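Raw contents of input-v8.txt, compact mmCIF, N, CA and C atoms:
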# COMPACT_ATOMS: atom_id res chain seq x y z
N MET J 15 -32.07 21.14 -9.83
CA MET J 15 -31.36 21.77 -10.94
C MET J 15 -30.45 20.77 -11.65
N LYS J 16 -29.73 19.97 -10.84
CA LYS J 16 -28.83 18.97 -11.42
C LYS J 16 -29.62 17.96 -12.25
N LYS J 17 -30.82 17.60 -11.78
CA LYS J 17 -31.67 16.64 -12.48
C LYS J 17 -32.12 17.21 -13.84
N ILE J 18 -32.46 18.48 -13.87
CA ILE J 18 -32.89 19.13 -15.11
C ILE J 18 -31.74 19.16 -16.11
N PHE J 19 -30.55 19.51 -15.62
CA PHE J 19 -29.38 19.56 -16.51
C PHE J 19 -29.09 18.18 -17.09
N THR J 20 -29.11 17.14 -16.26
CA THR J 20 -28.86 15.77 -16.72
C THR J 20 -29.88 15.36 -17.77
N THR J 21 -31.14 15.70 -17.52
CA THR J 21 -32.21 15.38 -18.47
C THR J 21 -31.98 16.09 -19.80
N MET J 22 -31.55 17.35 -19.74
CA MET J 22 -31.29 18.12 -20.97
C MET J 22 -30.13 17.51 -21.74
N VAL J 23 -29.07 17.11 -21.05
CA VAL J 23 -27.91 16.51 -21.71
C VAL J 23 -28.29 15.19 -22.36
N LEU J 24 -29.05 14.36 -21.65
CA LEU J 24 -29.50 13.08 -22.22
C LEU J 24 -30.40 13.31 -23.43
N SER J 25 -31.28 14.27 -23.34
CA SER J 25 -32.17 14.59 -24.44
C SER J 25 -31.39 15.05 -25.67
N LEU J 26 -30.38 15.90 -25.45
CA LEU J 26 -29.54 16.37 -26.54
C LEU J 26 -28.78 15.22 -27.17
N ALA J 27 -28.24 14.33 -26.36
CA ALA J 27 -27.49 13.18 -26.87
C ALA J 27 -28.38 12.28 -27.71
N MET J 28 -29.61 12.06 -27.26
CA MET J 28 -30.54 11.22 -28.02
C MET J 28 -30.91 11.89 -29.34
N THR J 29 -31.09 13.20 -29.32
CA THR J 29 -31.43 13.94 -30.54
C THR J 29 -30.29 13.86 -31.54
N LEU J 30 -29.05 14.05 -31.06
CA LEU J 30 -27.90 13.99 -31.96
C LEU J 30 -27.71 12.60 -32.55
N SER J 31 -27.91 11.56 -31.75
CA SER J 31 -27.75 10.21 -32.29
C SER J 31 -28.85 9.90 -33.30
N ALA J 32 -30.04 10.44 -33.10
CA ALA J 32 -31.13 10.25 -34.06
C ALA J 32 -30.84 10.98 -35.36
N MET J 33 -30.09 12.11 -35.24
CA MET J 33 -29.77 12.89 -36.44
C MET J 33 -28.61 12.26 -37.23
N ALA J 34 -27.82 11.40 -36.59
CA ALA J 34 -26.69 10.77 -37.29
C ALA J 34 -27.25 9.97 -38.46
N VAL J 35 -26.69 10.21 -39.62
CA VAL J 35 -27.18 9.57 -40.82
C VAL J 35 -26.46 8.24 -41.02
N GLU J 36 -27.23 7.23 -41.20
CA GLU J 36 -26.71 5.89 -41.47
C GLU J 36 -26.40 5.78 -42.96
N VAL J 37 -25.31 5.10 -43.28
CA VAL J 37 -24.96 4.86 -44.68
C VAL J 37 -26.06 3.98 -45.28
N PRO J 38 -26.65 4.41 -46.39
CA PRO J 38 -27.72 3.61 -47.01
C PRO J 38 -27.22 2.21 -47.40
N MET J 39 -28.12 1.26 -47.31
CA MET J 39 -27.77 -0.14 -47.59
C MET J 39 -27.22 -0.31 -49.01
N ASP J 40 -27.79 0.40 -49.99
CA ASP J 40 -27.29 0.29 -51.37
C ASP J 40 -25.82 0.69 -51.45
N ALA J 41 -25.46 1.76 -50.75
CA ALA J 41 -24.07 2.22 -50.75
C ALA J 41 -23.17 1.19 -50.07
N LYS J 42 -23.64 0.63 -48.97
CA LYS J 42 -22.85 -0.40 -48.27
C LYS J 42 -22.63 -1.62 -49.16
N LEU J 43 -23.67 -2.01 -49.87
CA LEU J 43 -23.55 -3.18 -50.76
C LEU J 43 -22.54 -2.91 -51.87
N ASP J 44 -22.64 -1.73 -52.48
CA ASP J 44 -21.67 -1.37 -53.53
C ASP J 44 -20.25 -1.35 -52.97
N TYR J 45 -20.10 -0.77 -51.80
CA TYR J 45 -18.79 -0.69 -51.15
C TYR J 45 -18.22 -2.09 -50.91
N ASN J 46 -19.03 -2.97 -50.31
CA ASN J 46 -18.57 -4.33 -50.03
C ASN J 46 -18.23 -5.09 -51.30
N GLN J 47 -19.02 -4.88 -52.34
CA GLN J 47 -18.74 -5.52 -53.62
C GLN J 47 -17.42 -4.98 -54.19
N GLY J 48 -17.17 -3.69 -54.01
CA GLY J 48 -15.91 -3.10 -54.44
C GLY J 48 -14.72 -3.74 -53.73
N ILE J 49 -14.86 -3.98 -52.45
CA ILE J 49 -13.81 -4.65 -51.68
C ILE J 49 -13.56 -6.04 -52.25
N ASP J 50 -14.65 -6.76 -52.53
CA ASP J 50 -14.51 -8.12 -53.09
C ASP J 50 -13.80 -8.09 -54.44
N PHE J 51 -14.19 -7.17 -55.32
CA PHE J 51 -13.54 -7.07 -56.62
C PHE J 51 -12.07 -6.70 -56.48
N TYR J 52 -11.78 -5.82 -55.54
CA TYR J 52 -10.38 -5.43 -55.30
C TYR J 52 -9.55 -6.65 -54.90
N LYS J 53 -10.08 -7.45 -53.98
CA LYS J 53 -9.37 -8.64 -53.51
C LYS J 53 -9.13 -9.62 -54.64
N LEU J 54 -10.03 -9.64 -55.62
CA LEU J 54 -9.88 -10.53 -56.77
C LEU J 54 -8.99 -9.94 -57.86
N GLY J 55 -8.51 -8.72 -57.64
CA GLY J 55 -7.67 -8.07 -58.64
C GLY J 55 -8.46 -7.48 -59.79
N MET J 56 -9.75 -7.35 -59.62
CA MET J 56 -10.63 -6.79 -60.65
C MET J 56 -10.81 -5.31 -60.35
N TYR J 57 -9.76 -4.54 -60.62
CA TYR J 57 -9.68 -3.15 -60.16
C TYR J 57 -10.70 -2.23 -60.83
N GLU J 58 -10.93 -2.41 -62.12
CA GLU J 58 -11.90 -1.55 -62.81
C GLU J 58 -13.30 -1.76 -62.24
N ARG J 59 -13.64 -3.01 -61.95
CA ARG J 59 -14.95 -3.30 -61.35
C ARG J 59 -15.03 -2.72 -59.94
N ALA J 60 -13.92 -2.80 -59.20
CA ALA J 60 -13.89 -2.22 -57.85
C ALA J 60 -14.13 -0.71 -57.93
N ILE J 61 -13.47 -0.07 -58.88
CA ILE J 61 -13.65 1.38 -59.07
C ILE J 61 -15.11 1.71 -59.34
N GLU J 62 -15.75 0.95 -60.22
CA GLU J 62 -17.17 1.18 -60.52
C GLU J 62 -18.02 1.08 -59.25
N CYS J 63 -17.75 0.08 -58.43
CA CYS J 63 -18.53 -0.11 -57.20
C CYS J 63 -18.31 1.02 -56.21
N PHE J 64 -17.05 1.43 -56.01
CA PHE J 64 -16.78 2.52 -55.07
C PHE J 64 -17.41 3.82 -55.57
N ARG J 65 -17.37 4.05 -56.88
CA ARG J 65 -18.02 5.24 -57.44
C ARG J 65 -19.52 5.21 -57.22
N SER J 66 -20.10 4.04 -57.41
CA SER J 66 -21.54 3.90 -57.19
C SER J 66 -21.89 4.18 -55.72
N ALA J 67 -21.04 3.71 -54.81
CA ALA J 67 -21.27 3.92 -53.38
C ALA J 67 -21.26 5.41 -53.04
N VAL J 68 -20.32 6.16 -53.61
CA VAL J 68 -20.26 7.59 -53.28
C VAL J 68 -21.34 8.39 -54.02
N ARG J 69 -21.82 7.88 -55.15
CA ARG J 69 -22.96 8.53 -55.80
C ARG J 69 -24.21 8.37 -54.93
N THR J 70 -24.35 7.19 -54.36
CA THR J 70 -25.50 6.92 -53.50
C THR J 70 -25.41 7.70 -52.19
N TYR J 71 -24.20 7.76 -51.64
CA TYR J 71 -23.99 8.45 -50.36
C TYR J 71 -22.72 9.29 -50.47
N PRO J 72 -22.85 10.55 -50.85
CA PRO J 72 -21.69 11.41 -51.12
C PRO J 72 -20.74 11.66 -49.94
N ASP J 73 -21.13 11.31 -48.73
CA ASP J 73 -20.24 11.49 -47.58
C ASP J 73 -19.61 10.17 -47.13
N TYR J 74 -19.57 9.19 -48.00
CA TYR J 74 -19.05 7.86 -47.66
C TYR J 74 -17.52 7.89 -47.76
N ILE J 75 -16.88 8.30 -46.68
CA ILE J 75 -15.43 8.50 -46.64
C ILE J 75 -14.67 7.22 -46.99
N ASP J 76 -15.08 6.08 -46.43
CA ASP J 76 -14.38 4.83 -46.71
C ASP J 76 -14.41 4.48 -48.19
N ALA J 77 -15.52 4.74 -48.84
CA ALA J 77 -15.63 4.45 -50.28
C ALA J 77 -14.70 5.37 -51.07
N TYR J 78 -14.67 6.65 -50.70
CA TYR J 78 -13.74 7.57 -51.35
C TYR J 78 -12.30 7.10 -51.16
N TYR J 79 -11.98 6.73 -49.93
CA TYR J 79 -10.61 6.33 -49.62
C TYR J 79 -10.19 5.13 -50.47
N ASN J 80 -11.05 4.11 -50.52
CA ASN J 80 -10.70 2.93 -51.31
C ASN J 80 -10.67 3.24 -52.80
N LEU J 81 -11.56 4.09 -53.27
CA LEU J 81 -11.54 4.51 -54.67
C LEU J 81 -10.22 5.20 -54.98
N GLY J 82 -9.83 6.14 -54.15
CA GLY J 82 -8.57 6.84 -54.35
C GLY J 82 -7.37 5.92 -54.30
N THR J 83 -7.40 4.96 -53.40
CA THR J 83 -6.29 4.02 -53.24
C THR J 83 -6.15 3.14 -54.49
N VAL J 84 -7.27 2.66 -55.02
CA VAL J 84 -7.21 1.84 -56.24
C VAL J 84 -6.70 2.68 -57.41
N LEU J 85 -7.20 3.90 -57.54
CA LEU J 85 -6.73 4.78 -58.62
C LEU J 85 -5.23 5.06 -58.48
N GLU J 86 -4.79 5.27 -57.26
CA GLU J 86 -3.35 5.49 -57.01
C GLU J 86 -2.56 4.25 -57.40
N TYR J 87 -3.04 3.08 -57.02
CA TYR J 87 -2.38 1.82 -57.36
C TYR J 87 -2.26 1.65 -58.88
N LEU J 88 -3.29 2.08 -59.59
CA LEU J 88 -3.28 1.98 -61.05
C LEU J 88 -2.53 3.14 -61.71
N LYS J 89 -1.91 3.98 -60.88
CA LYS J 89 -1.10 5.12 -61.33
C LYS J 89 -1.92 6.18 -62.05
N ASN J 90 -3.18 6.26 -61.70
CA ASN J 90 -4.05 7.32 -62.21
C ASN J 90 -4.03 8.43 -61.16
N ASP J 91 -2.87 9.06 -61.04
CA ASP J 91 -2.62 9.99 -59.94
C ASP J 91 -3.52 11.22 -59.96
N ALA J 92 -3.77 11.78 -61.12
CA ALA J 92 -4.60 12.99 -61.19
C ALA J 92 -6.01 12.71 -60.69
N GLU J 93 -6.56 11.58 -61.09
CA GLU J 93 -7.91 11.23 -60.63
C GLU J 93 -7.91 10.87 -59.15
N ALA J 94 -6.85 10.21 -58.69
CA ALA J 94 -6.74 9.88 -57.26
C ALA J 94 -6.71 11.16 -56.43
N ILE J 95 -5.99 12.16 -56.91
CA ILE J 95 -5.94 13.45 -56.20
C ILE J 95 -7.36 14.02 -56.05
N ASN J 96 -8.13 13.98 -57.14
CA ASN J 96 -9.50 14.52 -57.08
C ASN J 96 -10.35 13.77 -56.06
N VAL J 97 -10.16 12.47 -55.96
CA VAL J 97 -10.92 11.67 -55.01
C VAL J 97 -10.49 12.00 -53.57
N PHE J 98 -9.19 12.06 -53.33
CA PHE J 98 -8.71 12.36 -51.98
C PHE J 98 -9.10 13.78 -51.56
N LYS J 99 -9.24 14.68 -52.53
CA LYS J 99 -9.71 16.03 -52.21
C LYS J 99 -11.14 16.00 -51.66
N GLN J 100 -11.93 15.02 -52.09
CA GLN J 100 -13.29 14.88 -51.57
C GLN J 100 -13.27 14.55 -50.07
N ILE J 101 -12.31 13.72 -49.68
CA ILE J 101 -12.17 13.40 -48.25
C ILE J 101 -11.67 14.63 -47.51
N TYR J 102 -10.67 15.29 -48.08
CA TYR J 102 -10.09 16.48 -47.46
C TYR J 102 -11.17 17.56 -47.24
N ALA J 103 -12.07 17.71 -48.20
CA ALA J 103 -13.14 18.70 -48.07
C ALA J 103 -14.07 18.36 -46.91
N ARG J 104 -14.23 17.09 -46.63
CA ARG J 104 -15.12 16.65 -45.56
C ARG J 104 -14.41 16.55 -44.21
N ASN J 105 -13.09 16.33 -44.26
CA ASN J 105 -12.32 16.21 -43.02
C ASN J 105 -10.90 16.73 -43.26
N PRO J 106 -10.69 18.02 -43.11
CA PRO J 106 -9.36 18.60 -43.38
C PRO J 106 -8.30 18.20 -42.37
N HIS J 107 -8.68 17.44 -41.35
CA HIS J 107 -7.71 16.99 -40.35
C HIS J 107 -7.38 15.51 -40.50
N ASP J 108 -7.67 14.95 -41.65
CA ASP J 108 -7.29 13.57 -41.95
C ASP J 108 -5.87 13.62 -42.50
N TYR J 109 -4.90 13.42 -41.61
CA TYR J 109 -3.50 13.63 -41.98
C TYR J 109 -2.97 12.56 -42.92
N GLU J 110 -3.55 11.39 -42.91
CA GLU J 110 -3.17 10.37 -43.88
C GLU J 110 -3.53 10.85 -45.29
N VAL J 111 -4.72 11.41 -45.43
CA VAL J 111 -5.16 11.92 -46.72
C VAL J 111 -4.32 13.12 -47.14
N LEU J 112 -3.99 14.00 -46.20
CA LEU J 112 -3.11 15.12 -46.54
C LEU J 112 -1.76 14.63 -47.05
N PHE J 113 -1.22 13.59 -46.40
CA PHE J 113 0.05 13.05 -46.87
C PHE J 113 -0.11 12.44 -48.26
N LYS J 114 -1.19 11.72 -48.49
CA LYS J 114 -1.43 11.14 -49.82
C LYS J 114 -1.53 12.25 -50.87
N LEU J 115 -2.25 13.32 -50.54
CA LEU J 115 -2.37 14.45 -51.47
C LEU J 115 -1.00 15.08 -51.74
N ALA J 116 -0.20 15.22 -50.71
CA ALA J 116 1.14 15.79 -50.88
C ALA J 116 1.99 14.89 -51.76
N ASN J 117 1.97 13.61 -51.49
CA ASN J 117 2.78 12.66 -52.25
C ASN J 117 2.34 12.59 -53.72
N LEU J 118 1.05 12.53 -53.93
CA LEU J 118 0.54 12.48 -55.31
C LEU J 118 0.82 13.79 -56.05
N SER J 119 0.70 14.91 -55.35
CA SER J 119 1.01 16.20 -55.98
C SER J 119 2.48 16.27 -56.37
N ALA J 120 3.35 15.75 -55.51
CA ALA J 120 4.78 15.72 -55.82
C ALA J 120 5.05 14.84 -57.05
N LYS J 121 4.35 13.71 -57.14
CA LYS J 121 4.50 12.85 -58.32
C LYS J 121 4.08 13.57 -59.59
N GLN J 122 3.10 14.46 -59.46
CA GLN J 122 2.63 15.25 -60.60
C GLN J 122 3.50 16.49 -60.83
N GLU J 123 4.56 16.60 -60.03
CA GLU J 123 5.49 17.74 -60.06
C GLU J 123 4.82 19.06 -59.73
N ASP J 124 3.75 19.00 -58.95
CA ASP J 124 3.10 20.20 -58.43
C ASP J 124 3.64 20.40 -57.01
N TYR J 125 4.88 20.85 -56.93
CA TYR J 125 5.59 20.93 -55.65
C TYR J 125 5.00 22.00 -54.74
N THR J 126 4.44 23.03 -55.30
CA THR J 126 3.82 24.08 -54.49
C THR J 126 2.62 23.51 -53.74
N LYS J 127 1.79 22.76 -54.44
CA LYS J 127 0.62 22.15 -53.81
C LYS J 127 1.06 21.10 -52.80
N ALA J 128 2.06 20.31 -53.15
CA ALA J 128 2.57 19.30 -52.22
C ALA J 128 3.04 19.95 -50.92
N ALA J 129 3.78 21.04 -51.05
CA ALA J 129 4.29 21.75 -49.86
C ALA J 129 3.12 22.32 -49.04
N GLU J 130 2.09 22.77 -49.72
CA GLU J 130 0.90 23.30 -49.02
C GLU J 130 0.25 22.21 -48.16
N TYR J 131 0.11 21.01 -48.73
CA TYR J 131 -0.47 19.90 -47.97
C TYR J 131 0.45 19.50 -46.81
N ILE J 132 1.74 19.42 -47.07
CA ILE J 132 2.70 19.05 -46.02
C ILE J 132 2.62 20.02 -44.85
N SER J 133 2.49 21.30 -45.16
CA SER J 133 2.48 22.32 -44.10
C SER J 133 1.28 22.18 -43.15
N GLN J 134 0.27 21.43 -43.56
CA GLN J 134 -0.92 21.26 -42.73
C GLN J 134 -0.85 20.04 -41.81
N ILE J 135 0.23 19.28 -41.92
CA ILE J 135 0.38 18.07 -41.10
C ILE J 135 1.16 18.44 -39.84
N PRO J 136 0.53 18.37 -38.67
CA PRO J 136 1.20 18.79 -37.43
C PRO J 136 2.21 17.76 -36.93
N GLU J 137 3.12 18.22 -36.09
CA GLU J 137 4.13 17.33 -35.51
C GLU J 137 3.51 16.17 -34.75
N SER J 138 2.35 16.37 -34.19
CA SER J 138 1.68 15.34 -33.40
C SER J 138 1.14 14.19 -34.25
N SER J 139 1.09 14.39 -35.56
CA SER J 139 0.55 13.37 -36.46
C SER J 139 1.57 12.26 -36.70
N GLY J 140 1.07 11.06 -36.86
CA GLY J 140 1.92 9.93 -37.22
C GLY J 140 2.51 10.07 -38.62
N TYR J 141 2.01 10.99 -39.40
CA TYR J 141 2.49 11.20 -40.78
C TYR J 141 3.51 12.34 -40.87
N TYR J 142 3.81 12.96 -39.75
CA TYR J 142 4.69 14.13 -39.76
C TYR J 142 6.09 13.78 -40.29
N LYS J 143 6.69 12.72 -39.81
CA LYS J 143 8.05 12.36 -40.24
C LYS J 143 8.08 12.02 -41.73
N GLN J 144 7.09 11.28 -42.19
CA GLN J 144 7.02 10.96 -43.62
C GLN J 144 6.84 12.24 -44.43
N ALA J 145 6.03 13.14 -43.93
CA ALA J 145 5.78 14.41 -44.63
C ALA J 145 7.06 15.24 -44.71
N GLN J 146 7.83 15.25 -43.63
CA GLN J 146 9.08 16.01 -43.63
C GLN J 146 10.10 15.38 -44.58
N ALA J 147 10.13 14.06 -44.64
CA ALA J 147 11.02 13.38 -45.59
C ALA J 147 10.62 13.72 -47.03
N LEU J 148 9.31 13.77 -47.28
CA LEU J 148 8.82 14.16 -48.61
C LEU J 148 9.20 15.60 -48.91
N ALA J 149 9.11 16.46 -47.91
CA ALA J 149 9.48 17.88 -48.10
C ALA J 149 10.95 17.98 -48.48
N GLU J 150 11.82 17.20 -47.84
CA GLU J 150 13.24 17.20 -48.18
C GLU J 150 13.46 16.70 -49.61
N GLN J 151 12.73 15.67 -49.99
CA GLN J 151 12.82 15.13 -51.35
C GLN J 151 12.39 16.18 -52.37
N ILE J 152 11.34 16.91 -52.05
CA ILE J 152 10.86 17.97 -52.94
C ILE J 152 11.93 19.05 -53.09
N LYS J 153 12.58 19.42 -52.00
CA LYS J 153 13.64 20.42 -52.06
C LYS J 153 14.75 19.97 -52.99
N VAL J 154 15.12 18.70 -52.89
CA VAL J 154 16.16 18.16 -53.75
C VAL J 154 15.71 18.18 -55.20
N ASN J 155 14.48 17.76 -55.45
CA ASN J 155 13.96 17.71 -56.83
C ASN J 155 13.84 19.09 -57.46
N THR J 156 13.54 20.09 -56.65
CA THR J 156 13.36 21.43 -57.22
C THR J 156 14.67 22.19 -57.36
N THR J 157 15.74 21.71 -56.72
CA THR J 157 17.02 22.39 -56.85
C THR J 157 17.91 21.73 -57.87
N LEU J 158 17.64 20.49 -58.24
CA LEU J 158 18.43 19.82 -59.25
C LEU J 158 18.06 20.32 -60.63
N PRO J 159 19.06 20.44 -61.52
CA PRO J 159 18.73 20.85 -62.90
C PRO J 159 17.91 19.76 -63.58
N LYS J 160 16.98 20.15 -64.39
CA LYS J 160 16.14 19.21 -65.13
C LYS J 160 16.99 18.49 -66.16
N GLN J 161 16.80 17.15 -66.22
CA GLN J 161 17.51 16.36 -67.23
C GLN J 161 16.75 16.44 -68.53
N GLN J 162 17.50 16.51 -69.60
CA GLN J 162 16.85 16.64 -70.91
C GLN J 162 16.85 15.35 -71.66
Give the structure from the file, written as structure tokens.
Amino acid sequence: MKKIFTTMVLSLAMTLSAMAVEVPMDAKLDYNQGIDFYKLGMYERAIECFRSAVRTYPDYIDAYYNLGTVLEYLKNDAEAINVFKQIYARNPHDYEVLFKLANLSAKQEDYTKAAEYISQIPESSGYYKQAQALAEQIKVNTTLPKQQ
């Protein structure tokens, strides 16, 4: 009986590893080229490459992350939010991305959405303290009178 169970577990493991989808070479090449352009300070070209990588392989989390990071660096916050939402949709427990979404939402003065993202970051996360500091900042920003 133990032998049958072991065989079944090994068979299942082999089936699951065979089902794991490898990132297509074209997407990897675009991604690596995007990294190279980023290092050279050619941000628009890097953006094009990361976008091409995610078009080729829509679940390419690293490409989304780098695309969002470059957009954030260029202060294109609204578009960066949309990109980070793609990661969030695929992995809602990526607390770094939740913090980025909260921070970017706060920059856009969408404090309700920022608070929603913050509330999903557990105490066990390395981003919890930063998230709580952001929550305090949001409280201050929403209680201060708007300057004209």
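As for atom N of Ala128 of chain J and atom C of Leu115 of chain J, they are spaced 6.2 Å apart.
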Show me, as a tab-separated table (two decimals) with N, CA and C atoms, keeping the file's coordinate frame, the residues that have an atom within 6.5 Å of segment 38-47 of chain J when counting all atoms listed in the file, minus same-chain residues fewer than 5 positions from it.
chain	number	residue	atom	x	y	z
J	52	TYR	N	-11.78	-5.82	-55.54
J	52	TYR	CA	-10.38	-5.43	-55.30
J	52	TYR	C	-9.55	-6.65	-54.90
J	60	ALA	N	-13.92	-2.80	-59.20
J	60	ALA	CA	-13.89	-2.22	-57.85
J	60	ALA	C	-14.13	-0.71	-57.93
J	63	CYS	N	-17.75	0.08	-58.43
J	63	CYS	CA	-18.53	-0.11	-57.20
J	63	CYS	C	-18.31	1.02	-56.21
J	64	PHE	N	-17.05	1.43	-56.01
J	64	PHE	CA	-16.78	2.52	-55.07
J	64	PHE	C	-17.41	3.82	-55.57
J	66	SER	N	-20.10	4.04	-57.41
J	66	SER	CA	-21.54	3.90	-57.19
J	66	SER	C	-21.89	4.18	-55.72
J	67	ALA	N	-21.04	3.71	-54.81
J	67	ALA	CA	-21.27	3.92	-53.38
J	67	ALA	C	-21.26	5.41	-53.04
J	68	VAL	N	-20.32	6.16	-53.61
J	68	VAL	CA	-20.26	7.59	-53.28
J	68	VAL	C	-21.34	8.39	-54.02
J	70	THR	N	-24.35	7.19	-54.36
J	70	THR	CA	-25.50	6.92	-53.50
J	70	THR	C	-25.41	7.70	-52.19
J	71	TYR	N	-24.20	7.76	-51.64
J	71	TYR	CA	-23.99	8.45	-50.36
J	71	TYR	C	-22.72	9.29	-50.47
J	77	ALA	N	-15.52	4.74	-48.84
J	77	ALA	CA	-15.63	4.45	-50.28
J	77	ALA	C	-14.70	5.37	-51.07
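Compared by their closest atoms to Leu118 of chain J, and using only N, CA and C atoms, the residues J:Arg59, J:Asp91, J:Lys53, J:Asp76 rank with J:Asp91 nearest.
Atom N of Lys143 of chain J is positioned 19.7 Å from atom C of Phe98 of chain J.
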For Ala94 of chain J, work out the shell of residues within 6 Å, counting all atoms listed in the file and skipping chain neighbours fewer than 5 positions away, then give it as a PyMOL selection string.
chain J and resi 82+85-86+99
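Proximity of J:Thr126, J:Tyr141, J:Arg69, J:Glu62 to Tyr109 of chain J, computed with all atoms listed in the file, is greatest for J:Tyr141.
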Running DSSP on the backbone, which parts of segment 15-130 of chain J land in helix (DSSP H, G or I), as a PyMOL selection string?
chain J and resi 16-33+39-53+57-70+75-87+91-104+109-121+125-130
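In this structure, atom N of Ala92 of chain J sits 7.6 Å away from atom N of Gln122 of chain J.
Of the listed residues (J:Glu58, J:Lys153, J:Tyr79, J:Asp73), J:Asp73 comes nearest to Val37 of chain J; the distances count all atoms listed in the file.
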Would you pick out the contacts of Leu112 of chain J at 7 Å or less, using all atoms listed in the file, so that residues sharing its chain but fewer than 4 positions from it are not included, and give the list as a PyMOL selection string?
chain J and resi 102+107-108+116-117+131-132
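Residue nearest Gln144 of chain J within the list J:Asp124, J:Asn80, J:Gln100, J:Phe113: J:Phe113 [criterion: smallest interatomic distance, only N, CA and C atoms].
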